[in-house]
Every structure is written in structure tokens, then in C-alpha cells.
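For reference, run.pdb is printed below; it contains PDB, C-alpha atoms and all ligand atoms.
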ATOM      1  CA  MET F  33      55.581 137.051 155.562
ATOM      2  CA  SER F  34      57.140 136.495 158.813
ATOM      3  CA  THR F  35      60.711 137.543 159.375
ATOM      4  CA  LYS F  36      61.926 140.768 160.848
ATOM      5  CA  GLU F  37      63.512 141.617 157.497
ATOM      6  CA  GLY F  38      60.064 142.542 156.231
ATOM      7  CA  ARG F  39      56.558 141.248 155.702
ATOM      8  CA  GLY F  40      55.601 140.112 152.219
ATOM      9  CA  SER F  41      52.121 139.513 150.872
ATOM     10  CA  THR F  42      50.524 136.153 151.525
ATOM     11  CA  ALA F  43      47.365 137.112 149.637
ATOM     12  CA  SER F  44      48.828 136.816 146.171
ATOM     13  CA  THR F  45      46.963 134.718 143.667
ATOM     14  CA  ALA F  46      50.142 133.838 141.805
ATOM     15  CA  ARG F  47      51.181 130.200 141.886
ATOM     16  CA  ALA F  48      54.136 129.256 144.048
ATOM     17  CA  GLN F  49      57.222 129.163 141.932
ATOM     18  CA  ALA F  50      59.082 125.861 142.117
ATOM     19  CA  ASP F  51      62.715 125.843 143.128
ATOM     20  CA  VAL F  52      63.355 129.547 143.589
ATOM     21  CA  SER F  53      66.364 128.530 145.647
ATOM     22  CA  SER F  54      67.738 131.923 146.568
ATOM     23  CA  THR F  55      68.984 132.983 149.969
ATOM     24  CA  THR F  56      67.247 135.667 152.018
ATOM     25  CA  THR F  57      69.237 138.382 153.749
ATOM     26  CA  ARG F  58      68.618 136.480 157.000
ATOM     27  CA  GLY F  59      70.365 133.443 155.556
ATOM     28  CA  ALA F  60      67.312 131.261 154.906
ATOM     29  CA  VAL F  61      67.007 129.207 151.749
ATOM     30  CA  LEU F  62      63.952 130.479 149.873
ATOM     31  CA  LEU F  63      62.388 127.544 148.026
ATOM     32  CA  ALA F  64      59.076 128.959 146.866
ATOM     33  CA  THR F  65      57.421 132.353 146.815
ATOM     34  CA  GLU F  66      53.886 133.496 147.598
ATOM     35  CA  PRO F  67      51.303 132.147 148.067
ATOM     36  CA  ARG F  68      53.151 129.030 149.304
ATOM     37  CA  ARG F  69      56.325 130.771 150.410
ATOM     38  CA  ILE F  70      58.848 128.372 151.955
ATOM     39  CA  GLU F  71      61.919 129.423 153.929
ATOM     40  CA  ILE F  72      64.353 127.001 155.572
ATOM     41  CA  TYR F  73      66.864 128.192 158.193
ATOM     42  CA  ASN F  74      69.896 126.413 159.617
ATOM     43  CA  ALA F  75      70.318 127.678 163.194
ATOM     44  CA  ASP F  76      69.664 126.945 166.829
ATOM     45  CA  CYS F  77      65.913 127.056 167.486
ATOM     46  CA  LEU F  78      66.095 130.102 169.778
ATOM     47  CA  GLN F  79      68.275 132.041 167.364
ATOM     48  CA  PHE F  80      65.893 131.148 164.527
ATOM     49  CA  LEU F  81      62.778 132.189 166.470
ATOM     50  CA  SER F  82      64.390 135.506 167.397
ATOM     51  CA  LEU F  83      64.394 136.340 163.660
ATOM     52  CA  LEU F  84      60.604 136.023 163.386
ATOM     53  CA  GLU F  85      58.284 138.932 163.969
ATOM     54  CA  THR F  86      56.022 138.956 167.005
ATOM     55  CA  GLY F  87      52.625 137.455 166.166
ATOM     56  CA  SER F  88      53.678 136.422 162.653
ATOM     57  CA  VAL F  89      52.931 132.672 162.900
ATOM     58  CA  ASP F  90      49.505 131.017 162.806
ATOM     59  CA  VAL F  91      50.377 127.377 163.533
ATOM     60  CA  VAL F  92      53.445 125.739 165.092
ATOM     61  CA  THR F  93      53.802 122.033 164.249
ATOM     62  CA  THR F  94      56.965 120.695 165.804
ATOM     63  CA  ASP F  95      58.792 117.597 166.987
ATOM     64  CA  PRO F  96      61.889 118.493 169.020
ATOM     65  CA  ALA F  97      64.735 116.022 169.639
ATOM     66  CA  TYR F  98      64.666 115.838 173.429
ATOM     67  CA  SER F  99      67.815 114.925 175.310
ATOM     68  CA  GLY F 100      65.998 113.698 178.423
ATOM     69  CA  MET F 101      64.904 110.309 177.172
ATOM     70  CA  ASN F 102      68.340 109.409 175.879
ATOM     71  CA  ASN F 103      70.349 110.783 178.773
ATOM     72  CA  LEU F 104      68.214 109.438 181.571
ATOM     73  CA  LEU F 105      67.444 106.048 180.146
ATOM     74  CA  LYS F 106      71.137 105.730 179.220
ATOM     75  CA  LEU F 107      70.485 103.681 176.151
ATOM     76  CA  GLY F 108      73.839 103.218 174.466
ATOM     77  CA  HIS F 109      74.956 106.844 174.977
ATOM     78  CA  GLY F 110      71.710 108.004 173.457
ATOM     79  CA  ARG F 111      72.099 106.029 170.256
ATOM     80  CA  ILE F 112      68.561 104.788 170.220
ATOM     81  CA  VAL F 113      67.684 105.343 166.568
ATOM     82  CA  GLY F 114      69.336 105.309 163.146
ATOM     83  CA  GLU F 115      72.462 103.727 161.719
ATOM     84  CA  TYR F 116      75.541 103.534 163.923
ATOM     85  CA  LYS F 117      77.766 104.590 161.024
ATOM     86  CA  ASP F 118      75.867 107.913 160.882
ATOM     87  CA  ARG F 119      76.549 108.873 164.475
ATOM     88  CA  GLY F 120      77.908 112.354 165.140
ATOM     89  CA  SER F 121      81.618 112.123 165.924
ATOM     90  CA  ALA F 122      81.596 114.649 168.765
ATOM     91  CA  THR F 123      78.827 113.173 170.892
ATOM     92  CA  GLY F 124      78.344 109.651 169.642
ATOM     93  CA  LYS F 125      74.702 110.515 168.944
ATOM     94  CA  TRP F 126      73.155 110.514 165.522
ATOM     95  CA  PHE F 127      71.914 114.075 165.677
ATOM     96  CA  VAL F 128      71.994 117.013 168.009
ATOM     97  CA  GLU F 129      69.326 117.055 170.696
ATOM     98  CA  PHE F 130      67.684 120.114 172.151
ATOM     99  CA  GLU F 131      69.058 120.507 175.688
ATOM    100  CA  ASP F 132      65.732 120.152 177.416
ATOM    101  CA  SER F 133      66.340 121.521 180.876
ATOM    102  CA  ALA F 134      63.289 123.289 182.281
ATOM    103  CA  GLU F 135      65.164 126.592 181.943
ATOM    104  CA  ASN F 136      65.937 126.033 178.270
ATOM    105  CA  TYR F 137      62.482 124.713 177.534
ATOM    106  CA  ARG F 138      60.887 127.798 179.088
ATOM    107  CA  LYS F 139      63.003 129.975 176.776
ATOM    108  CA  LEU F 140      61.666 127.996 173.826
ATOM    109  CA  LEU F 141      58.065 128.311 175.028
ATOM    110  CA  ILE F 142      58.433 132.059 175.592
ATOM    111  CA  GLU F 143      59.697 132.531 172.044
ATOM    112  CA  LEU F 144      56.955 130.313 170.598
ATOM    113  CA  ARG F 145      54.359 132.340 172.487
ATOM    114  CA  ARG F 146      55.849 135.571 171.182
ATOM    115  CA  VAL F 147      55.806 134.533 167.513
ATOM    116  CA  LEU F 148      52.324 132.975 167.587
ATOM    117  CA  ASN F 149      49.527 135.289 166.541
ATOM    118  CA  PRO F 150      47.286 135.962 169.611
ATOM    119  CA  ALA F 151      44.111 135.632 167.510
ATOM    120  CA  THR F 152      44.993 132.606 165.375
ATOM    121  CA  GLY F 153      47.877 130.856 167.127
ATOM    122  CA  HIS F 154      47.680 127.079 167.490
ATOM    123  CA  LEU F 155      50.552 124.985 168.855
ATOM    124  CA  TYR F 156      51.217 121.270 168.232
ATOM    125  CA  MET F 157      54.210 120.049 170.237
ATOM    126  CA  MET F 158      55.289 116.409 169.985
ATOM    127  CA  PHE F 159      56.641 114.491 172.984
ATOM    128  CA  ASP F 160      57.998 111.085 173.838
ATOM    129  CA  SER F 161      56.682 109.624 177.107
ATOM    130  CA  TYR F 162      59.692 110.794 179.139
ATOM    131  CA  SER F 163      59.686 114.421 178.007
ATOM    132  CA  LEU F 164      55.892 114.590 178.238
ATOM    133  CA  LEU F 165      56.097 113.954 181.977
ATOM    134  CA  THR F 166      59.062 116.266 182.601
ATOM    135  CA  LEU F 167      58.432 119.171 180.201
ATOM    136  CA  GLY F 168      54.818 118.822 179.041
ATOM    137  CA  VAL F 169      53.550 120.444 182.239
ATOM    138  CA  LEU F 170      55.499 123.628 181.455
ATOM    139  CA  VAL F 171      53.487 124.247 178.288
ATOM    140  CA  ARG F 172      50.495 125.211 180.455
ATOM    141  CA  GLU F 173      52.459 128.139 181.909
ATOM    142  CA  TYR F 174      52.492 129.843 178.508
ATOM    143  CA  PHE F 175      49.590 128.370 176.518
ATOM    144  CA  ASP F 176      46.044 127.218 176.930
ATOM    145  CA  VAL F 177      46.458 123.434 176.662
ATOM    146  CA  LYS F 178      43.389 121.896 175.031
ATOM    147  CA  ASN F 179      44.237 118.270 174.220
ATOM    148  CA  LEU F 180      46.762 115.512 174.672
ATOM    149  CA  ILE F 181      46.736 113.597 171.384
ATOM    150  CA  THR F 182      48.112 110.072 171.039
ATOM    151  CA  TRP F 183      49.825 109.085 167.822
ATOM    152  CA  ASP F 184      49.371 105.306 167.563
ATOM    153  CA  LYS F 185      52.223 104.066 165.373
ATOM    154  CA  VAL F 186      50.441 100.737 164.769
ATOM    155  CA  SER F 187      53.540  98.565 165.240
ATOM    156  CA  ILE F 188      55.748  98.322 168.313
ATOM    157  CA  GLY F 189      59.176  99.915 168.604
ATOM    158  CA  MET F 190      61.909  99.641 171.235
ATOM    159  CA  GLY F 191      61.500  99.629 175.010
ATOM    160  CA  HIS F 192      63.113  97.748 177.883
ATOM    161  CA  TYR F 193      59.770  97.124 179.569
ATOM    162  CA  PHE F 194      56.575  97.659 177.561
ATOM    163  CA  ARG F 195      57.445  98.233 173.915
ATOM    164  CA  ARG F 196      56.654 101.737 172.699
ATOM    165  CA  ARG F 197      53.872 102.149 170.172
ATOM    166  CA  GLN F 198      52.728 105.676 170.925
ATOM    167  CA  GLU F 199      53.962 109.247 170.899
ATOM    168  CA  PHE F 200      52.161 112.298 172.165
ATOM    169  CA  ILE F 201      51.161 115.668 170.813
ATOM    170  CA  LEU F 202      50.064 118.544 173.031
ATOM    171  CA  PHE F 203      47.589 120.793 171.304
ATOM    172  CA  ALA F 204      47.411 124.273 172.775
ATOM    173  CA  THR F 205      46.196 127.694 171.763
ATOM    174  CA  ARG F 206      47.858 131.070 172.133
ATOM    175  CA  HIS F 207      44.610 132.513 173.324
ATOM    176  CA  ASN F 208      41.264 130.941 174.039
ATOM    177  CA  SER F 209      39.591 132.047 170.844
ATOM    178  CA  ARG F 210      40.113 130.155 167.582
ATOM    179  CA  LYS F 211      38.323 126.821 167.159
ATOM    180  CA  LEU F 212      39.457 123.908 164.999
ATOM    181  CA  ARG F 213      38.282 123.829 161.406
ATOM    182  CA  ASN F 214      36.904 120.323 161.864
ATOM    183  CA  HIS F 215      35.125 119.080 164.956
ATOM    184  CA  SER F 216      35.070 115.336 164.176
ATOM    185  CA  ILE F 217      38.716 114.439 164.732
ATOM    186  CA  PRO F 218      39.450 112.062 167.643
ATOM    187  CA  ASP F 219      42.443 112.451 169.968
ATOM    188  CA  VAL F 220      44.032 109.165 168.839
ATOM    189  CA  TRP F 221      45.639 109.224 165.399
ATOM    190  CA  ARG F 222      46.678 105.955 163.715
ATOM    191  CA  TYR F 223      49.393 106.333 161.107
ATOM    192  CA  ARG F 224      52.138 103.828 160.394
ATOM    193  CA  ARG F 225      55.616 104.839 161.483
ATOM    194  CA  VAL F 226      58.243 105.406 158.764
ATOM    195  CA  PHE F 227      60.525 102.383 158.405
ATOM    196  CA  GLY F 228      63.986 102.763 156.907
ATOM    197  CA  GLY F 229      63.656 106.525 156.440
ATOM    198  CA  ARG F 230      66.580 108.604 155.189
ATOM    199  CA  TYR F 231      66.506 110.571 158.464
ATOM    200  CA  PRO F 232      66.595 108.745 161.820
ATOM    201  CA  THR F 233      63.505 110.390 163.333
ATOM    202  CA  GLN F 234      61.474 110.952 160.182
ATOM    203  CA  LYS F 235      57.752 111.175 160.978
ATOM    204  CA  PRO F 236      54.936 110.437 158.541
ATOM    205  CA  VAL F 237      53.642 113.509 156.744
ATOM    206  CA  GLU F 238      50.093 112.465 157.699
ATOM    207  CA  VAL F 239      50.737 113.328 161.368
ATOM    208  CA  PHE F 240      51.482 116.948 160.413
ATOM    209  CA  ASP F 241      48.804 116.905 157.740
ATOM    210  CA  THR F 242      46.198 116.090 160.411
ATOM    211  CA  MET F 243      47.408 119.015 162.545
ATOM    212  CA  LEU F 244      46.955 121.325 159.570
ATOM    213  CA  PHE F 245      43.676 119.713 158.506
ATOM    214  CA  ALA F 246      42.403 120.836 161.909
ATOM    215  CA  SER F 247      44.126 124.199 162.282
ATOM    216  CA  ALA F 248      45.359 125.688 159.026
ATOM    217  CA  PHE F 249      43.693 127.880 156.443
ATOM    218  CA  PRO F 250      45.047 128.785 152.993
ATOM    219  CA  GLY F 251      47.869 131.254 153.453
ATOM    220  CA  ALA F 252      48.343 130.416 157.126
ATOM    221  CA  VAL F 253      51.949 130.740 158.281
ATOM    222  CA  VAL F 254      53.185 127.402 159.661
ATOM    223  CA  CYS F 255      56.432 127.198 161.623
ATOM    224  CA  ASP F 256      58.648 124.252 162.652
ATOM    225  CA  PRO F 257      61.873 125.144 164.529
ATOM    226  CA  PHE F 258      62.993 121.427 164.496
ATOM    227  CA  VAL F 259      62.196 120.490 160.911
ATOM    228  CA  GLY F 260      64.401 117.365 160.584
ATOM    229  CA  SER F 261      63.736 115.748 157.214
ATOM    230  CA  GLY F 262      60.936 118.184 156.343
ATOM    231  CA  SER F 263      57.747 116.146 156.875
ATOM    232  CA  SER F 264      56.024 119.217 158.357
ATOM    233  CA  ALA F 265      57.096 121.269 155.327
ATOM    234  CA  ILE F 266      55.496 118.792 152.910
ATOM    235  CA  ALA F 267      52.277 118.908 154.966
ATOM    236  CA  ALA F 268      52.304 122.716 154.847
ATOM    237  CA  LEU F 269      52.712 122.626 151.068
ATOM    238  CA  ARG F 270      49.832 120.166 150.716
ATOM    239  CA  ASN F 271      47.635 122.492 152.757
ATOM    240  CA  ASP F 272      48.523 125.643 150.768
ATOM    241  CA  CYS F 273      50.301 127.244 153.689
ATOM    242  CA  VAL F 274      53.333 129.467 154.003
ATOM    243  CA  PHE F 275      56.123 127.568 155.784
ATOM    244  CA  VAL F 276      59.072 128.758 157.815
ATOM    245  CA  GLY F 277      61.250 125.907 159.051
ATOM    246  CA  ASN F 278      64.581 125.430 160.743
ATOM    247  CA  ASP F 279      67.014 122.832 162.025
ATOM    248  CA  ILE F 280      70.380 123.094 163.739
ATOM    249  CA  SER F 281      71.735 120.282 161.555
ATOM    250  CA  PRO F 282      72.927 121.181 158.043
ATOM    251  CA  VAL F 283      72.331 117.549 157.037
ATOM    252  CA  ALA F 284      68.677 117.961 158.012
ATOM    253  CA  THR F 285      68.187 121.308 156.265
ATOM    254  CA  GLU F 286      69.868 120.108 153.056
ATOM    255  CA  LEU F 287      67.660 117.012 153.047
ATOM    256  CA  THR F 288      64.565 119.135 153.700
ATOM    257  CA  CYS F 289      65.454 121.545 150.886
ATOM    258  CA  GLN F 290      66.042 118.690 148.448
ATOM    259  CA  ARG F 291      62.780 117.020 149.466
ATOM    260  CA  ILE F 292      60.830 120.258 148.937
ATOM    261  CA  ARG F 293      62.472 120.958 145.564
ATOM    262  CA  ASP F 294      61.607 117.448 144.376
ATOM    263  CA  TYR F 295      58.046 117.769 145.633
ATOM    264  CA  LEU F 296      57.556 121.152 143.958
ATOM    265  CA  THR F 297      58.846 119.941 140.618
ATOM    266  CA  SER F 298      57.474 116.375 140.497
ATOM    267  CA  GLY F 299      54.644 116.282 143.046
ATOM    268  CA  VAL F 300      56.317 113.193 144.528
ATOM    269  CA  ASP F 301      57.554 113.025 148.117
ATOM    270  CA  MET F 302      60.898 111.266 147.703
ATOM    271  CA  LEU F 303      61.261 110.483 151.426
ATOM    272  CA  GLN F 304      57.779 109.091 151.889
ATOM    273  CA  PRO F 305      56.459 107.820 148.559
ATOM    274  CA  ALA F 306      53.798 105.605 150.217
ATOM    275  CA  SER F 307      50.940 106.717 152.437
ATOM    276  CA  ALA F 308      51.149 106.019 156.172
ATOM    277  CA  ALA F 309      47.369 105.712 156.379
ATOM    278  CA  VAL F 310      45.936 102.515 157.844
ATOM    279  CA  PRO F 311      43.284 100.844 155.648
ATOM    280  CA  GLY F 312      39.842 101.152 157.187
ATOM    281  CA  GLU F 313      40.801 104.021 159.513
ATOM    282  CA  PRO F 314      39.171 107.416 158.937
ATOM    283  CA  LYS F 315      41.592 109.881 157.329
ATOM    284  CA  PHE F 316      41.853 113.434 158.578
ATOM    285  CA  THR F 317      44.140 114.881 155.957
ATOM    286  CA  LYS F 318      43.906 117.201 152.969
ATOM    287  CA  ASP F 319      43.184 114.200 150.676
ATOM    288  CA  SER F 320      40.129 113.220 152.710
ATOM    289  CA  ARG F 321      38.772 116.770 152.535
ATOM    290  CA  GLU F 322      38.995 116.648 148.751
ATOM    291  CA  SER F 323      37.573 113.144 148.234
TER     292      SER F 323
HETATM  293  C1  LIG A   1      62.878 114.577 166.160
HETATM  294  S1  LIG A   1      63.802 115.415 164.951
HETATM  295  C2  LIG A   1      62.581 116.092 163.881
HETATM  296  C3  LIG A   1      62.113 115.064 162.887
HETATM  297  C4  LIG A   1      61.105 115.621 161.914
HETATM  298  N1  LIG A   1      59.818 115.843 162.545
HETATM  299  C5  LIG A   1      60.934 114.680 160.727
HETATM  300  O1  LIG A   1      59.829 114.185 160.486
HETATM  301  O2  LIG A   1      61.940 114.435 160.048
HETATM  302  C6  LIG A   1      64.345 116.804 165.843
HETATM  303  C7  LIG A   1      65.308 117.710 165.116
HETATM  304  O3  LIG A   1      65.711 118.748 166.018
HETATM  305  C8  LIG A   1      66.991 119.188 165.632
HETATM  306  N2  LIG A   1      67.558 119.952 166.749
HETATM  307  C9  LIG A   1      68.128 119.486 167.891
HETATM  308  N3  LIG A   1      68.512 120.508 168.690
HETATM  309  C10 LIG A   1      68.151 121.652 168.044
HETATM  310  C11 LIG A   1      68.251 123.028 168.361
HETATM  311  N4  LIG A   1      68.804 123.439 169.505
HETATM  312  N5  LIG A   1      67.769 123.927 167.476
HETATM  313  C12 LIG A   1      67.192 123.507 166.309
HETATM  314  N6  LIG A   1      67.098 122.216 165.934
HETATM  315  C13 LIG A   1      67.559 121.291 166.801
HETATM  316  C14 LIG A   1      67.725 117.893 165.278
HETATM  317  O4  LIG A   1      68.793 118.160 164.385
HETATM  318  C15 LIG A   1      66.601 117.052 164.647
HETATM  319  O5  LIG A   1      66.650 117.115 163.235
END
I'd like the structure from this file rewritten - as C-alpha cells, please.
Amino acid sequence: MSTKEGRGSTASTARAQADVSSTTTRGAVLLATEPRRIEIYNADCLQFLSLLETGSVDVVTTDPAYSGMNNLLKLGHGRIVGEYKDRGSATGKWFVEFEDSAENYRKLLIELRRVLNPATGHLYMMFDSYSLLTLGVLVREYFDVKNLITWDKVSIGMGHYFRRRQEFILFATRHNSRKLRNHSIPDVWRYRRVFGGRYPTQKPVEVFDTMLFASAFPGAVVCDPFVGSGSSAIAALRNDCVFVGNDISPVATELTCQRIRDYLTSGVDMLQPASAAVPGEPKFTKDSRES
């Protein structure tokens, strides 16, 4: 597929092989081969994206760890989520955050634009309320922004003033052309947040599943440069996509690899065994397409 080391076939009819677990010459862990090829990298996002071929990605589904919210709100040196005992020793934070200056963010957007296929490229970029207002506007410089989606997490979280119950997803296209596969999806998505997850910022798979329900096609190449615990990877697998993911944290990439191996062998998602769907709400995920 998608790295500069060479394009493979995504059109194979062979089943994805579980737990291939070799390492590519670019240093990615290869967890499954065509047609659901999965590669996980452990690098800085910009270094990782530089390894991908121009125009080789169909859908980006990503959830960066922004530094702005933590630094500017000064919440306990940024320790706003997770277990204190798991904090990183160097920074006092639980995981590395992408340094989200406008300059750095533009570099990220330029690379995302380069790797997205001009004919098929769809971008889903998650934001907290702080980074949405500081960085969200920059997305329009490089992409055609189509929607601001609200993820309603159903129950309230932290917040010194109004308690936070929502996160945001900018949906944008690389070029004006490709429509969504389904035209009945609203711009508010209700899925329960993950409580007590193994990874501090673990998101429900259903959030990524809905992105792919709308934008993916079998064999589509899905990319997440900030993969965390691998929720986007599980969604890509469920939607028969090729997946190329990355995280700067070796803890995150090891967890993601283990989660994918387990899912490929048992069909069970060990980090999210229960659905995040809300009873009575319409579902816009692979399961709902099949039922
Ligand atoms: C919000 S978390 C992603 C959570 C993920 N969506 C999930 O459901 O588990 C953001 C991730 O970005 C990673 N990260 C921070 N800075 C990075 C960088 N410069 N390059 C790549 N990954 C980075 C962090 O290690 C963290 O795992």
C-alpha cells in the first residue's frame, strides 16, 4: 500500500492473516497483510507522515493530544486525565502532547494534505474546545472544511465552569469531489465515553466507526498519526480497510499492537468489550449497515 518502500496490492481476495507480526524495512510492525493490511509505526507524527507516499491515503481519522488546553488552562501541570502513578517522569504529564503551535500545526496539515489522495481524500480531525478555537481555523487553509461534528459523550466530564460533555470533529475533504457514502448521518453523534480505559484518552471505537461508515470503502487506506490505544485501528478492521497508524509513545503502540492481535485472533476488542452505543439512538456504524 502506502509507504515509500513500495506499494503492495490492496485488491487481493485473500483473507487478512492474523498476527503476522513482522517488521517492515521502515520499522513498522506489520500485523496483518492484504486485504486488511495493518502497519503500526512508533515515531513523531511528522516523521511518520514523511514515510508515506504522496496521495496514498484515502481517509485520515485522528485525535491528536493537543498541548494548548493543558498548558493554557494550567490544570495541575497538564495532568487532566489518567492515573497519577502513570505520569511521564520527564514532564509530569501522562503522555506526550503534540506541540500545537500554529507553525507546527501547519506542518502537520501540509503533510496530511500531501498524503491524502486528491480524488478520495477525507479528513476527520478531532478537537477539544480550546484547540478548536485556536487551531481549527487553520484547517481551512489546506482543506475544504465541510462540517463541524459534535461528539456528545452523554455524561459530563471535568470543567471549572460548565462541565464538558462534548468534543468536536472537523470533517474536510482534500478536494471538493467525493461525497459521503451515506447521506442520513446527523452532525451530532451520541456515544458513551470510555470509563476506566487502559489508555488515558481512549475513545470509543464507534466514533471512528461512524467516520468510516460515512467515508470508507473496502480496501480504503485509513491513516491515524496519533493512534493512542488503537480505537481507530479496530474501526478500520471492522470496515475492511487497510490501516496505517502511528504514535510517538511506545506504550501506546505496544498496546495498539496487542489490541489488534487479540481482535484478529478472537474477534473480541479487549479494550472496549462493550458497545458505546446509546439505546434508542440511531447507529451509524458497520453493524447497523449489516442489520
Ligand atoms: C488523544 S491521544 C489518542 C487517543 C486515541 N484516539 C485512542 O482512542 O486511544 C493522542 C496521542 O498522540 C500521541 N502523540 C503526542 N504527540 C505526538 C507526536 N508528536 N507524534 C505522534 N504522536 C503523538 C500521544 O502519545 C497520544 O497517544
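Residues matched by the PyMOL selection byres (((chain F and resi 307-323) around 8) and not hetatm) in this structure: Ile217, Arg222, Tyr223, Arg224, Arg225, Val226, Pro236, Val237, Glu238, Asp241, Thr242, Leu244, Phe245, Arg270, Asn271, Gln304, Pro305 and Ala306 of chain F.
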Might you spell out which residues the PyMOL selection byres (((not hetatm)) within 8 of (chain A and resi 1)) would select in the displayed file, as a compact mmCIF listing (two decimals) with C-alpha atoms, in the coordinates of the input?
# COMPACT_ATOMS: atom_id res chain seq x y z
CA ASN F 74 69.90 126.41 159.62
CA ALA F 75 70.32 127.68 163.19
CA ASP F 76 69.66 126.94 166.83
CA CYS F 77 65.91 127.06 167.49
CA LEU F 78 66.10 130.10 169.78
CA PHE F 80 65.89 131.15 164.53
CA THR F 94 56.96 120.70 165.80
CA ASP F 95 58.79 117.60 166.99
CA PRO F 96 61.89 118.49 169.02
CA ALA F 97 64.74 116.02 169.64
CA TYR F 98 64.67 115.84 173.43
CA PHE F 127 71.91 114.08 165.68
CA VAL F 128 71.99 117.01 168.01
CA GLU F 129 69.33 117.06 170.70
CA PHE F 130 67.68 120.11 172.15
CA GLU F 131 69.06 120.51 175.69
CA TYR F 231 66.51 110.57 158.46
CA PRO F 232 66.60 108.74 161.82
CA THR F 233 63.50 110.39 163.33
CA GLN F 234 61.47 110.95 160.18
CA LYS F 235 57.75 111.18 160.98
CA PRO F 236 54.94 110.44 158.54
CA VAL F 237 53.64 113.51 156.74
CA PRO F 257 61.87 125.14 164.53
CA PHE F 258 62.99 121.43 164.50
CA VAL F 259 62.20 120.49 160.91
CA GLY F 260 64.40 117.36 160.58
CA SER F 261 63.74 115.75 157.21
CA GLY F 262 60.94 118.18 156.34
CA SER F 263 57.75 116.15 156.88
CA SER F 264 56.02 119.22 158.36
CA ASN F 278 64.58 125.43 160.74
CA ASP F 279 67.01 122.83 162.02
CA ILE F 280 70.38 123.09 163.74
CA SER F 281 71.74 120.28 161.56
CA ALA F 284 68.68 117.96 158.01
Coordinates-based distance that separates atom CA of F:Leu81 from atom CA of F:Ser247 (Å, one decimal): 20.7 Å
Excluding F:His207 and any residue of its chain fewer than 5 positions from it, enumerate the residues within 10 Å of it, using only C-alpha atoms, and give them as a PDB file with C-alpha atoms, in the coordinates of the input.
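Listing of result20.pdb after writing:
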ATOM      1  CA  ARG F 145      54.359 132.340 172.487  1.00  0.00           C
ATOM      2  CA  LEU F 148      52.324 132.975 167.587  1.00  0.00           C
ATOM      3  CA  ASN F 149      49.527 135.289 166.541  1.00  0.00           C
ATOM      4  CA  PRO F 150      47.286 135.962 169.611  1.00  0.00           C
ATOM      5  CA  ALA F 151      44.111 135.632 167.510  1.00  0.00           C
ATOM      6  CA  THR F 152      44.993 132.606 165.375  1.00  0.00           C
ATOM      7  CA  GLY F 153      47.877 130.856 167.127  1.00  0.00           C
ATOM      8  CA  HIS F 154      47.680 127.079 167.490  1.00  0.00           C
ATOM      9  CA  TYR F 174      52.492 129.843 178.508  1.00  0.00           C
ATOM     10  CA  PHE F 175      49.590 128.370 176.518  1.00  0.00           C
ATOM     11  CA  ASP F 176      46.044 127.218 176.930  1.00  0.00           C
ATOM     12  CA  VAL F 177      46.458 123.434 176.662  1.00  0.00           C
TER      13      VAL F 177
END
Between atom CA of F:Thr297 and atom CA of F:Ala265, distance in Å (one decimal): 14.9 Å
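The environment of F:Leu180 within 7 Å, counting all atoms listed in the file and disregarding residues fewer than 6 places along the same chain, consists of Phe200, Ile201, Leu202 and Phe203 of chain F.
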Which of F:Ala248, F:Val61, F:Leu155, F:Val169 sits closest to F:Ala204 [using all atoms listed in the file]: F:Leu155
